[in-house]
$ cat protein.cif   # mmCIF, C-alpha atoms and all ligand atoms
data_model
loop_
_atom_site.label_atom_id
_atom_site.label_comp_id
_atom_site.auth_asym_id
_atom_site.auth_seq_id
_atom_site.Cartn_x
_atom_site.Cartn_y
_atom_site.Cartn_z
CA MET A 1 -6.52 2.66 16.47
CA ASN A 2 -8.34 3.88 19.59
CA CYS A 3 -6.61 1.25 21.71
CA ALA A 4 -3.23 2.39 20.38
CA ILE A 5 -4.05 6.06 21.02
CA ARG A 6 -5.15 5.18 24.55
CA ALA A 7 -1.93 3.26 25.20
CA VAL A 8 0.21 6.12 23.88
CA PHE A 9 -1.72 8.59 26.05
CA LYS A 10 -1.54 6.52 29.23
CA THR A 11 2.10 5.51 28.82
CA GLY A 12 3.05 9.13 28.12
CA VAL A 13 1.15 10.43 31.14
CA ALA A 14 2.67 7.72 33.35
CA MET A 15 6.11 8.95 32.25
CA GLY A 16 5.25 12.55 33.10
CA MET A 17 4.73 13.69 29.50
CA GLN A 18 2.05 15.95 28.16
CA VAL A 19 0.28 14.17 25.32
CA MET A 20 -1.30 15.99 22.42
CA GLY A 21 -3.50 14.55 19.70
CA ILE A 22 -3.24 15.54 16.04
CA TYR A 23 -6.63 15.38 14.36
CA HIS A 24 -7.09 14.25 10.73
CA GLY A 25 -3.57 12.88 10.28
CA TYR A 26 -0.92 14.73 8.30
CA LYS A 27 -3.61 16.96 6.76
CA GLY A 28 -4.64 18.12 10.22
CA LEU A 29 -1.02 18.54 11.26
CA ILE A 30 -0.40 20.92 8.36
CA GLU A 31 -3.57 22.80 9.26
CA GLY A 32 -2.64 22.99 12.96
CA ARG A 33 -5.45 20.75 14.26
CA VAL A 34 -3.56 19.91 17.43
CA ASP A 35 -4.89 19.75 20.98
CA TYR A 36 -4.04 18.35 24.38
CA LEU A 37 -5.52 14.93 25.02
CA HIS A 38 -7.38 14.31 28.25
CA HIS A 39 -8.53 11.17 29.99
CA GLU A 40 -12.09 11.68 28.63
CA ASP A 41 -10.75 11.62 25.04
CA VAL A 42 -9.60 8.01 25.36
CA GLU A 43 -12.00 6.76 28.03
CA ASN A 44 -14.62 4.19 26.97
CA LYS A 45 -13.36 4.16 23.36
CA MET A 46 -11.57 0.79 23.22
CA HIS A 47 -14.56 -1.04 21.83
CA LYS A 48 -15.14 1.51 19.08
CA GLY A 49 -13.91 1.22 15.52
CA GLY A 50 -12.56 4.15 13.54
CA THR A 51 -10.35 6.61 15.39
CA VAL A 52 -11.17 9.34 17.90
CA LEU A 53 -8.46 11.43 16.22
CA ARG A 54 -10.15 10.97 12.82
CA THR A 55 -8.03 10.53 9.71
CA ALA A 56 -7.50 11.97 6.24
CA ARG A 57 -5.43 11.51 3.14
CA SER A 58 -3.11 14.43 2.38
CA SER A 59 -1.56 15.11 -1.00
CA ARG A 60 -0.06 18.35 0.36
CA PHE A 61 2.03 16.41 2.85
CA MET A 62 3.67 14.70 -0.14
CA THR A 63 5.25 18.05 -1.11
CA GLU A 64 8.29 19.78 0.42
CA GLU A 65 6.07 22.76 1.26
CA GLY A 66 3.63 20.51 3.13
CA ILE A 67 6.38 18.85 5.14
CA ASP A 68 7.95 22.21 6.01
CA THR A 69 4.57 23.49 7.20
CA ALA A 70 4.01 20.34 9.26
CA ILE A 71 7.40 20.76 10.89
CA SER A 72 6.73 24.40 11.73
CA VAL A 73 3.43 23.38 13.37
CA LEU A 74 5.20 20.71 15.43
CA ARG A 75 7.81 23.28 16.52
CA ALA A 76 5.15 25.92 17.28
CA TYR A 77 3.39 23.50 19.64
CA GLY A 78 6.69 22.43 21.20
CA ILE A 79 6.08 18.82 20.19
CA GLU A 80 9.24 16.84 20.92
CA GLY A 81 8.22 13.45 19.62
CA LEU A 82 5.55 12.06 17.33
CA VAL A 83 3.81 8.68 17.14
CA VAL A 84 2.15 7.89 13.82
CA ILE A 85 -0.31 5.01 13.41
CA GLY A 86 -0.88 3.91 9.82
CA GLY A 87 0.19 1.93 6.81
CA ASP A 88 2.74 2.35 4.02
CA GLY A 89 1.85 5.93 3.12
CA SER A 90 1.88 7.03 6.76
CA PHE A 91 5.28 5.41 7.23
CA ARG A 92 6.70 7.24 4.22
CA GLY A 93 5.47 10.43 5.91
CA CYS A 94 7.23 9.36 9.11
CA MET A 95 10.42 8.89 7.12
CA ALA A 96 10.19 12.40 5.67
CA LEU A 97 9.73 13.89 9.15
CA HIS A 98 12.58 11.77 10.51
CA GLU A 99 14.87 13.00 7.74
CA HIS A 100 14.04 16.54 8.83
CA GLY A 101 15.14 15.75 12.39
CA ILE A 102 11.75 15.07 14.02
CA PRO A 103 11.80 12.15 16.49
CA VAL A 104 9.05 9.93 15.12
CA ILE A 105 7.88 6.38 15.78
CA GLY A 106 5.61 4.42 13.42
CA ILE A 107 2.96 1.95 14.60
CA PRO A 108 1.57 -0.34 11.87
CA GLY A 109 -2.17 0.22 11.53
CA THR A 110 -3.95 -1.16 8.48
CA ILE A 111 -6.42 -3.97 7.89
CA ASP A 112 -4.34 -5.06 4.89
CA ASN A 113 -1.49 -6.70 6.88
CA ASP A 114 0.81 -5.78 4.02
CA MET A 115 3.83 -4.55 5.99
CA GLY A 116 6.58 -7.14 5.74
CA TYR A 117 8.57 -6.16 8.83
CA THR A 118 5.75 -7.10 11.20
CA ASP A 119 3.77 -10.33 11.49
CA PHE A 120 0.56 -8.39 12.16
CA THR A 121 -0.74 -4.87 11.68
CA ILE A 122 -3.41 -3.38 13.95
CA GLY A 123 -6.87 -3.90 12.44
CA PHE A 124 -6.11 -7.01 10.44
CA ASP A 125 -7.42 -9.48 13.01
CA THR A 126 -10.62 -7.47 13.45
CA ALA A 127 -11.18 -7.38 9.68
CA VAL A 128 -10.57 -11.13 9.43
CA ASN A 129 -13.08 -11.79 12.23
CA ASN A 130 -15.63 -9.49 10.61
CA VAL A 131 -15.23 -11.21 7.24
CA THR A 132 -15.34 -14.70 8.75
CA ASN A 133 -18.66 -13.90 10.43
CA GLU A 134 -20.10 -12.60 7.16
CA ILE A 135 -18.99 -15.70 5.25
CA TYR A 136 -21.15 -17.86 7.50
CA LYS A 137 -24.18 -15.66 6.92
CA ILE A 138 -23.68 -15.80 3.15
CA ARG A 139 -23.06 -19.54 3.30
CA ASP A 140 -26.56 -20.07 4.78
CA THR A 141 -28.26 -18.77 1.64
CA MET A 142 -25.80 -20.49 -0.70
CA ARG A 143 -26.46 -23.83 0.98
CA ALA A 144 -30.21 -23.36 0.98
CA HIS A 145 -30.18 -22.68 -2.78
CA ASP A 146 -27.27 -24.93 -3.86
CA ARG A 147 -25.36 -21.93 -5.09
CA VAL A 148 -21.75 -20.79 -5.16
CA GLY A 149 -20.95 -17.54 -3.36
CA VAL A 150 -17.99 -15.40 -4.35
CA ILE A 151 -17.04 -12.84 -1.71
CA GLU A 152 -14.79 -9.87 -2.48
CA VAL A 153 -12.71 -8.47 0.37
CA MET A 154 -10.27 -5.58 0.76
CA GLY A 155 -6.50 -5.68 1.15
CA ARG A 156 -5.20 -3.59 -1.74
CA ASN A 157 -2.43 -5.72 -3.29
CA CYS A 158 -2.30 -8.12 -0.38
CA GLY A 159 -4.32 -11.33 -0.13
CA ASP A 160 -4.03 -11.82 3.64
CA ILE A 161 -7.63 -10.91 4.54
CA ALA A 162 -8.94 -13.28 1.86
CA LEU A 163 -6.54 -16.00 2.98
CA TRP A 164 -7.13 -15.86 6.73
CA ALA A 165 -10.88 -15.27 6.53
CA GLY A 166 -11.07 -17.93 3.82
CA ILE A 167 -9.50 -20.49 6.12
CA GLY A 168 -11.63 -19.31 9.06
CA GLY A 169 -14.73 -19.51 6.88
CA ALA A 170 -13.89 -22.83 5.19
CA ALA A 171 -13.61 -21.36 1.70
CA ASP A 172 -13.39 -23.78 -1.23
CA LEU A 173 -11.20 -21.50 -3.29
CA ILE A 174 -9.17 -18.41 -2.41
CA LEU A 175 -8.13 -16.02 -5.16
CA VAL A 176 -5.28 -13.72 -4.14
CA PRO A 177 -2.85 -11.56 -6.12
CA GLU A 178 0.15 -13.50 -4.75
CA VAL A 179 -0.98 -16.83 -6.29
CA PRO A 180 -2.14 -16.33 -9.86
CA VAL A 181 -4.97 -18.72 -10.76
CA SER A 182 -6.64 -18.26 -14.14
CA TRP A 183 -10.40 -17.70 -14.06
CA GLU A 184 -10.67 -20.60 -16.44
CA ASP A 185 -9.04 -22.94 -13.90
CA ALA A 186 -11.11 -21.47 -11.08
CA ALA A 187 -14.36 -21.91 -13.01
CA THR A 188 -13.41 -25.48 -13.97
CA ARG A 189 -12.84 -26.29 -10.31
CA LEU A 190 -16.30 -25.01 -9.37
CA ALA A 191 -17.87 -27.03 -12.17
CA GLN A 192 -15.99 -30.14 -10.99
CA ASN A 193 -17.16 -29.51 -7.42
CA LYS A 194 -20.73 -29.57 -8.71
CA LEU A 195 -20.12 -32.78 -10.69
CA ARG A 196 -18.83 -34.58 -7.61
CA GLY A 197 -21.93 -33.50 -5.67
CA LYS A 198 -20.56 -30.48 -3.86
CA LEU A 199 -23.34 -28.07 -4.66
CA THR A 200 -22.24 -25.16 -2.48
CA SER A 201 -18.83 -23.54 -2.64
CA ILE A 202 -17.50 -20.34 -1.14
CA VAL A 203 -14.89 -18.46 -3.16
CA MET A 204 -12.90 -15.65 -1.55
CA ILE A 205 -11.49 -13.06 -3.90
CA ALA A 206 -9.07 -10.40 -2.70
CA GLU A 207 -9.65 -7.03 -4.37
CA GLY A 208 -6.09 -7.24 -5.73
CA ALA A 209 -7.03 -10.42 -7.63
CA GLY A 210 -10.11 -9.04 -9.38
CA LYS A 211 -13.75 -8.13 -8.94
CA ALA A 212 -16.27 -10.62 -7.56
CA GLU A 213 -18.99 -9.67 -10.04
CA GLU A 214 -16.68 -10.04 -13.04
CA PHE A 215 -15.56 -13.44 -11.82
CA ALA A 216 -19.18 -14.50 -11.24
CA GLU A 217 -20.10 -13.39 -14.76
CA TYR A 218 -17.19 -15.39 -16.20
CA VAL A 219 -18.34 -18.51 -14.32
CA ARG A 220 -21.93 -18.03 -15.50
CA GLN A 221 -20.80 -17.78 -19.10
CA HIS A 222 -18.52 -20.80 -19.03
CA THR A 223 -20.25 -23.28 -16.70
CA ASP A 224 -23.70 -24.28 -15.49
CA VAL A 225 -22.80 -23.23 -11.93
CA GLU A 226 -25.21 -20.82 -10.25
CA ILE A 227 -23.09 -18.15 -8.60
CA LYS A 228 -23.77 -14.95 -6.65
CA ALA A 229 -21.28 -12.19 -5.84
CA THR A 230 -21.03 -10.14 -2.63
CA VAL A 231 -18.66 -7.22 -2.06
CA LEU A 232 -18.20 -6.79 1.68
CA GLY A 233 -16.73 -3.26 1.45
CA TYR A 234 -16.57 -1.18 4.61
CA ILE A 235 -18.43 -3.76 6.72
CA GLN A 236 -15.11 -5.52 7.15
CA ARG A 237 -13.26 -2.44 8.40
CA GLY A 238 -15.40 -1.05 11.19
CA GLY A 239 -16.91 -2.19 14.45
CA ASN A 240 -15.77 -3.69 17.67
CA PRO A 241 -12.02 -4.43 17.55
CA SER A 242 -11.02 -8.00 18.38
CA ALA A 243 -9.30 -8.70 21.69
CA PHE A 244 -6.14 -9.63 19.76
CA ASP A 245 -6.06 -6.23 18.07
CA ARG A 246 -6.69 -4.43 21.35
CA VAL A 247 -3.80 -6.19 23.06
CA LEU A 248 -1.53 -5.69 20.05
CA ALA A 249 -2.36 -1.98 19.94
CA ALA A 250 -1.76 -1.56 23.67
CA ARG A 251 1.63 -3.28 23.45
CA MET A 252 2.71 -1.29 20.41
CA GLY A 253 1.49 2.03 21.80
CA GLN A 254 3.40 1.48 25.00
CA ARG A 255 6.61 0.56 23.16
CA ALA A 256 6.37 3.59 20.89
CA VAL A 257 6.35 5.98 23.83
CA GLU A 258 9.13 4.10 25.59
CA LEU A 259 11.28 4.51 22.48
CA LEU A 260 10.70 8.25 22.40
CA ALA A 261 11.53 8.43 26.13
CA GLU A 262 14.77 6.56 25.39
CA GLY A 263 15.62 9.28 22.89
CA LYS A 264 15.11 7.02 19.89
CA GLY A 265 13.41 8.28 16.74
CA GLY A 266 13.08 7.02 13.20
CA ARG A 267 11.90 3.60 14.39
CA ALA A 268 8.91 1.41 13.61
CA VAL A 269 7.32 -0.87 16.19
CA GLY A 270 6.41 -4.37 15.03
CA ILE A 271 5.65 -7.86 16.28
CA ARG A 272 7.59 -11.02 15.46
CA ARG A 273 6.80 -14.42 17.02
CA ASN A 274 4.64 -12.62 19.59
CA SER A 275 7.45 -10.30 20.72
CA ILE A 276 7.18 -6.55 20.29
CA TYR A 277 10.33 -5.16 18.71
CA ASP A 278 11.50 -2.09 16.82
CA VAL A 279 13.36 -1.55 13.60
CA ALA A 280 14.68 1.45 11.64
CA LEU A 281 11.85 3.08 9.69
CA ALA A 282 13.86 2.76 6.48
CA ASP A 283 14.18 -1.01 7.02
CA ALA A 284 10.50 -1.33 7.91
CA ILE A 285 9.55 0.39 4.66
CA ALA A 286 12.04 -1.65 2.62
CA THR A 287 11.04 -5.06 3.98
CA LYS A 288 9.03 -6.90 1.39
CA ASP A 289 5.83 -8.51 2.55
CA VAL A 290 6.00 -12.29 2.23
CA PHE A 291 2.83 -14.24 1.47
CA ASP A 292 2.27 -17.30 3.63
CA GLU A 293 2.31 -20.05 1.00
CA LYS A 294 1.91 -22.75 3.66
CA LEU A 295 -1.40 -21.29 4.81
CA TYR A 296 -2.55 -21.14 1.21
CA GLU A 297 -1.58 -24.79 0.70
CA LEU A 298 -3.42 -25.70 3.89
CA ASN A 299 -6.61 -24.28 2.47
CA GLU A 300 -6.07 -26.09 -0.81
CA LEU A 301 -5.85 -29.33 1.15
CA MET A 302 -8.96 -28.54 3.21
CA ALA A 303 -10.89 -27.70 0.05
CA LYS A 304 -9.97 -30.94 -1.72
CA PHE A 305 -12.45 -33.32 -0.10
O1 LIG B 1 -5.67 0.18 3.12
C1 LIG B 1 -6.84 -0.14 3.78
C2 LIG B 1 -7.99 -0.22 2.81
O2 LIG B 1 -9.16 -0.59 3.53
C3 LIG B 1 -7.79 -1.16 1.62
O3 LIG B 1 -7.97 -2.50 1.94
C4 LIG B 1 -8.79 -0.61 0.65
O4 LIG B 1 -8.44 -0.91 -0.67
C5 LIG B 1 -8.70 0.87 0.91
O5 LIG B 1 -8.22 1.03 2.22
C6 LIG B 1 -9.97 1.62 0.76
O6 LIG B 1 -9.64 2.95 0.97
P1 LIG B 1 -10.69 4.13 0.80
O7 LIG B 1 -11.63 4.00 1.93
O8 LIG B 1 -9.91 5.38 0.88
O9 LIG B 1 -11.34 3.91 -0.52
#
$ encode --input "protein.cif" --output "structure tokens"
Amino acid sequence: MNCAIRAVFKTGVAMGMQVMGIYHGYKGLIEGRVDYLHHEDVENKMHKGGTVLRTARSSRFMTEEGIDTAISVLRAYGIEGLVVIGGDGSFRGCMALHEHGIPVIGIPGTIDNDMGYTDFTIGFDTAVNNVTNEIYKIRDTMRAHDRVGVIEVMGRNCGDIALWAGIGGAADLILVPEVPVSWEDAATRLAQNKLRGKLTSIVMIAEGAGKAEEFAEYVRQHTDVEIKATVLGYIQRGGNPSAFDRVLAARMGQRAVELLAEGKGGRAVGIRRNSIYDVALADAIATKDVFDEKLYELNELMAKF
């Protein structure tokens, strides 16, 4: 997020714009938490997780009154264009502002990678790297004790973090909402792994597919496999952004400002086959996220032997 904010700031300044920051997202916008950004606000922040502008969820922005207030704040500050960095909910907010005539550009920022119009969202690669590193730490103990480790990761209804980190971390089984696998089948597979001499397995479970502890309990009750559950939680979200995410954020931030300068609003910036492109916000929101079955099959193959 900080890399995207920096890119928006620098591109705007380079084009002769004055760039303001809105603190605490739509909530802050409604409450008038708006200020000019300066070089010091974005300087030496690229390596930091979180966002210098902070963030918040806003139920008020979901109401007509909230949107009207937000628009009056934008007008009061003379803001002529808005860049919003966020996921689904943020994009629906963008759409509402666009429908009220505000030039707005959406940049996809969520670790979940659940926005179908773009190959990658900002934060996903960092989360995958964070999770992959943790898998190897957990694996050490599992190997030492001949145990199975089940690791629960975030992603809401999307299994991408579990899938990518699972492949990066050589998982033996990946449970995601997009590919229903019964716990009975999953437990049987772990028991068979043990029978054929594979004493340590790593299971990734996306939060959308169930809870690690409940799965572990099921396995304990139905097999003789020794299994331990870990919920990674916020560890996967924070910290030093990956170089890929930094570059992605810089490219998207730059494009967002260029679009506003070209007089275009109501667009979302995305990446397809490593090219930055833009699409109507309505289409971005409507594009269904497609799960990468081939990647899933690849892991199944890797886990077979
Ligand atoms: O959408 C990003 C995400 O990290 C999800 O993966 C997770 O389910 C959720 O946010 C957690 O949100 P909160 O911190 O508000 O509980």
$ closest_residue --input "protein.cif" --among "A:Arg92, A:Lys137, A:Lys45, A:Arg237" --to "ligand LIG 1 (chain B)" --atoms "only C-alpha atoms and all ligand atoms"
A:Arg237
$ closest_residue --input "protein.cif" --among "A:Ala250, A:Ala96, A:Leu298, A:Ala56" --to "ligand LIG 1 (chain B)" --atoms "all atoms listed in the file"
A:Ala56
$ closest_residue --input "protein.cif" --among "A:Leu37, A:Gly86, A:Met95, A:Met15" --to "A:Met62" --atoms "all atoms listed in the file"
A:Met95
$ atom_distance --input "protein.cif" --atom1 "atom CA of A:Thr200" --atom2 "atom CA of A:Thr132"
16.8 Å
$ closest_atom_pairs --input "protein.cif" --of "stretch 88-136 of chain A" --to "stretch 272-288 of chain A" --cutoff "6 Å" --atoms "only C-alpha atoms" --output "CSV"
residue,atom,partner,partner_atom,distance
A:Gly116,CA,A:Lys288,CA,5.0
A:Tyr117,CA,A:Ala284,CA,5.3
A:Asp119,CA,A:Arg272,CA,5.6
$ residues_near_ligand --input "protein.cif" --ligand "ligand LIG 1 (chain B)" --cutoff "8 Å" --atoms "only C-alpha atoms and all ligand atoms" --output "MDAnalysis selection string"
chainID A and resid 57 87 110:112 153:156 207 234 237
$ closest_residue --input "protein.cif" --among "A:Ile22, A:Ala303, A:Leu232, A:Leu97" --to "A:Gly265" --atoms "all atoms listed in the file"
A:Leu97
$ atom_distance --input "protein.cif" --atom1 "atom CA of A:Thr11" --atom2 "atom CA of A:Val257"
6.6 Å
$ residues_around --input "protein.cif" --residues "A:Val176" --least-positions-apart "5" --cutoff "6 Å" --atoms "all atoms listed in the file" --output "VMD selection string"
chain A and resid 159 206 209
$ closest_residue --input "protein.cif" --among "A:Ala7, A:Pro180, A:Gln192, A:Asp68" --to "A:Ile102" --atoms "only C-alpha atoms"
A:Asp68
$ atom_distance --input "protein.cif" --atom1 "atom CA of A:Phe291" --atom2 "atom CA of A:Gly168"
17.1 Å
$ residues_around --input "protein.cif" --residues "A:Gly49" --least-positions-apart "2" --cutoff "9 Å" --atoms "only C-alpha atoms" --output "PDB file with C-alpha atoms, in the coordinates of the input"
ATOM      1  CA  MET A   1      -6.520   2.660  16.470  1.00  0.00           C
ATOM      2  CA  ASN A   2      -8.340   3.880  19.590  1.00  0.00           C
ATOM      3  CA  LYS A  45     -13.360   4.160  23.360  1.00  0.00           C
ATOM      4  CA  MET A  46     -11.570   0.790  23.220  1.00  0.00           C
ATOM      5  CA  HIS A  47     -14.560  -1.040  21.830  1.00  0.00           C
ATOM      6  CA  THR A  51     -10.350   6.610  15.390  1.00  0.00           C
ATOM      7  CA  VAL A  52     -11.170   9.340  17.900  1.00  0.00           C
ATOM      8  CA  ARG A 237     -13.260  -2.440   8.400  1.00  0.00           C
ATOM      9  CA  GLY A 238     -15.400  -1.050  11.190  1.00  0.00           C
ATOM     10  CA  GLY A 239     -16.910  -2.190  14.450  1.00  0.00           C
ATOM     11  CA  ASN A 240     -15.770  -3.690  17.670  1.00  0.00           C
ATOM     12  CA  PRO A 241     -12.020  -4.430  17.550  1.00  0.00           C
TER      13      PRO A 241
END
$ closest_residue --input "protein.cif" --among "A:Ile5, A:Val73, A:Ala144, A:Met204" --to "A:Ile85" --atoms "only C-alpha atoms"
A:Ile5
$ residues_around --input "protein.cif" --residues "A:Thr223" --least-positions-apart "3" --cutoff "12 Å" --atoms "all atoms listed in the file" --output "PDB file with C-alpha atoms, keeping the file's coordinate frame"
ATOM      1  CA  VAL A 148     -21.750 -20.790  -5.160  1.00  0.00           C
ATOM      2  CA  TRP A 183     -10.400 -17.700 -14.060  1.00  0.00           C
ATOM      3  CA  GLU A 184     -10.670 -20.600 -16.440  1.00  0.00           C
ATOM      4  CA  ASP A 185      -9.040 -22.940 -13.900  1.00  0.00           C
ATOM      5  CA  ALA A 186     -11.110 -21.470 -11.080  1.00  0.00           C
ATOM      6  CA  ALA A 187     -14.360 -21.910 -13.010  1.00  0.00           C
ATOM      7  CA  THR A 188     -13.410 -25.480 -13.970  1.00  0.00           C
ATOM      8  CA  ARG A 189     -12.840 -26.290 -10.310  1.00  0.00           C
ATOM      9  CA  LEU A 190     -16.300 -25.010  -9.370  1.00  0.00           C
ATOM     10  CA  ALA A 191     -17.870 -27.030 -12.170  1.00  0.00           C
ATOM     11  CA  GLN A 192     -15.990 -30.140 -10.990  1.00  0.00           C
ATOM     12  CA  ASN A 193     -17.160 -29.510  -7.420  1.00  0.00           C
ATOM     13  CA  LYS A 194     -20.730 -29.570  -8.710  1.00  0.00           C
ATOM     14  CA  LEU A 195     -20.120 -32.780 -10.690  1.00  0.00           C
ATOM     15  CA  PHE A 215     -15.560 -13.440 -11.820  1.00  0.00           C
ATOM     16  CA  ALA A 216     -19.180 -14.500 -11.240  1.00  0.00           C
ATOM     17  CA  GLU A 217     -20.100 -13.390 -14.760  1.00  0.00           C
ATOM     18  CA  TYR A 218     -17.190 -15.390 -16.200  1.00  0.00           C
ATOM     19  CA  VAL A 219     -18.340 -18.510 -14.320  1.00  0.00           C
ATOM     20  CA  ARG A 220     -21.930 -18.030 -15.500  1.00  0.00           C
ATOM     21  CA  GLU A 226     -25.210 -20.820 -10.250  1.00  0.00           C
ATOM     22  CA  ILE A 227     -23.090 -18.150  -8.600  1.00  0.00           C
TER      23      ILE A 227
END
$ residues_around --input "protein.cif" --residues "A:Ala170" --least-positions-apart "5" --cutoff "12 Å" --atoms "only C-alpha atoms" --output "ChimeraX atom specification"
/A:131-133,135-136,139,162-165,200-204,298-305
$ decode --input "protein.cif" --residues "stretch 62-69 of chain A" --atoms "all heavy atoms" --output "PDB file, in the first residue's frame"
ATOM      1  N   MET A  62     -21.720   3.027   3.375  1.00  0.00           N
ATOM      2  CA  MET A  62     -22.649   2.157   2.628  1.00  0.00           C
ATOM      3  C   MET A  62     -24.030   2.814   2.500  1.00  0.00           C
ATOM      4  O   MET A  62     -24.913   2.273   1.842  1.00  0.00           O
ATOM      5  CB  MET A  62     -22.832   0.808   3.354  1.00  0.00           C
ATOM      6  CG  MET A  62     -21.547   0.055   3.605  1.00  0.00           C
ATOM      7  SD  MET A  62     -20.902  -0.548   2.056  1.00  0.00           S
ATOM      8  CE  MET A  62     -19.261  -0.997   2.500  1.00  0.00           C
ATOM      9  N   THR A  63     -24.249   3.941   3.154  1.00  0.00           N
ATOM     10  CA  THR A  63     -25.566   4.590   3.097  1.00  0.00           C
ATOM     11  C   THR A  63     -25.505   5.803   2.169  1.00  0.00           C
ATOM     12  O   THR A  63     -24.432   6.369   1.939  1.00  0.00           O
ATOM     13  CB  THR A  63     -26.004   5.072   4.499  1.00  0.00           C
ATOM     14  OG1 THR A  63     -25.108   6.124   4.909  1.00  0.00           O
ATOM     15  CG2 THR A  63     -25.948   3.939   5.525  1.00  0.00           C
ATOM     16  N   GLU A  64     -26.643   6.204   1.656  1.00  0.00           N
ATOM     17  CA  GLU A  64     -26.738   7.380   0.774  1.00  0.00           C
ATOM     18  C   GLU A  64     -26.224   8.621   1.510  1.00  0.00           C
ATOM     19  O   GLU A  64     -25.477   9.428   0.943  1.00  0.00           O
ATOM     20  CB  GLU A  64     -28.205   7.555   0.379  1.00  0.00           C
ATOM     21  CG  GLU A  64     -28.554   7.841  -1.075  1.00  0.00           C
ATOM     22  CD  GLU A  64     -27.507   7.665  -2.165  1.00  0.00           C
ATOM     23  OE1 GLU A  64     -27.183   6.532  -2.577  1.00  0.00           O
ATOM     24  OE2 GLU A  64     -27.019   8.707  -2.626  1.00  0.00           O
ATOM     25  N   GLU A  65     -26.576   8.715   2.790  1.00  0.00           N
ATOM     26  CA  GLU A  65     -26.138   9.876   3.588  1.00  0.00           C
ATOM     27  C   GLU A  65     -24.617   9.917   3.668  1.00  0.00           C
ATOM     28  O   GLU A  65     -23.989  10.979   3.505  1.00  0.00           O
ATOM     29  CB  GLU A  65     -26.770   9.762   5.003  1.00  0.00           C
ATOM     30  CG  GLU A  65     -26.414  10.878   5.981  1.00  0.00           C
ATOM     31  CD  GLU A  65     -25.090  10.671   6.720  1.00  0.00           C
ATOM     32  OE1 GLU A  65     -24.731   9.512   7.017  1.00  0.00           O
ATOM     33  OE2 GLU A  65     -24.394  11.662   6.975  1.00  0.00           O
ATOM     34  N   GLY A  66     -24.000   8.749   3.890  1.00  0.00           N
ATOM     35  CA  GLY A  66     -22.541   8.676   3.990  1.00  0.00           C
ATOM     36  C   GLY A  66     -21.880   9.094   2.687  1.00  0.00           C
ATOM     37  O   GLY A  66     -20.902   9.862   2.684  1.00  0.00           O
ATOM     38  N   ILE A  67     -22.418   8.610   1.583  1.00  0.00           N
ATOM     39  CA  ILE A  67     -21.834   8.949   0.273  1.00  0.00           C
ATOM     40  C   ILE A  67     -21.983  10.446  -0.002  1.00  0.00           C
ATOM     41  O   ILE A  67     -21.035  11.114  -0.442  1.00  0.00           O
ATOM     42  CB  ILE A  67     -22.479   8.094  -0.840  1.00  0.00           C
ATOM     43  CG1 ILE A  67     -22.025   6.642  -0.676  1.00  0.00           C
ATOM     44  CG2 ILE A  67     -22.084   8.605  -2.218  1.00  0.00           C
ATOM     45  CD1 ILE A  67     -22.802   5.644  -1.463  1.00  0.00           C
ATOM     46  N   ASP A  68     -23.160  10.981   0.310  1.00  0.00           N
ATOM     47  CA  ASP A  68     -23.374  12.432   0.100  1.00  0.00           C
ATOM     48  C   ASP A  68     -22.381  13.244   0.923  1.00  0.00           C
ATOM     49  O   ASP A  68     -21.824  14.232   0.440  1.00  0.00           O
ATOM     50  CB  ASP A  68     -24.812  12.822   0.490  1.00  0.00           C
ATOM     51  CG  ASP A  68     -25.816  12.299  -0.531  1.00  0.00           C
ATOM     52  OD1 ASP A  68     -25.375  11.891  -1.633  1.00  0.00           O
ATOM     53  OD2 ASP A  68     -27.023  12.266  -0.219  1.00  0.00           O
ATOM     54  N   THR A  69     -22.162  12.814   2.168  1.00  0.00           N
ATOM     55  CA  THR A  69     -21.216  13.547   3.026  1.00  0.00           C
ATOM     56  C   THR A  69     -19.811  13.451   2.437  1.00  0.00           C
ATOM     57  O   THR A  69     -19.084  14.453   2.370  1.00  0.00           O
ATOM     58  CB  THR A  69     -21.225  12.977   4.468  1.00  0.00           C
ATOM     59  OG1 THR A  69     -22.572  12.891   4.905  1.00  0.00           O
ATOM     60  CG2 THR A  69     -20.428  13.840   5.423  1.00  0.00           C
TER      61      THR A  69
END
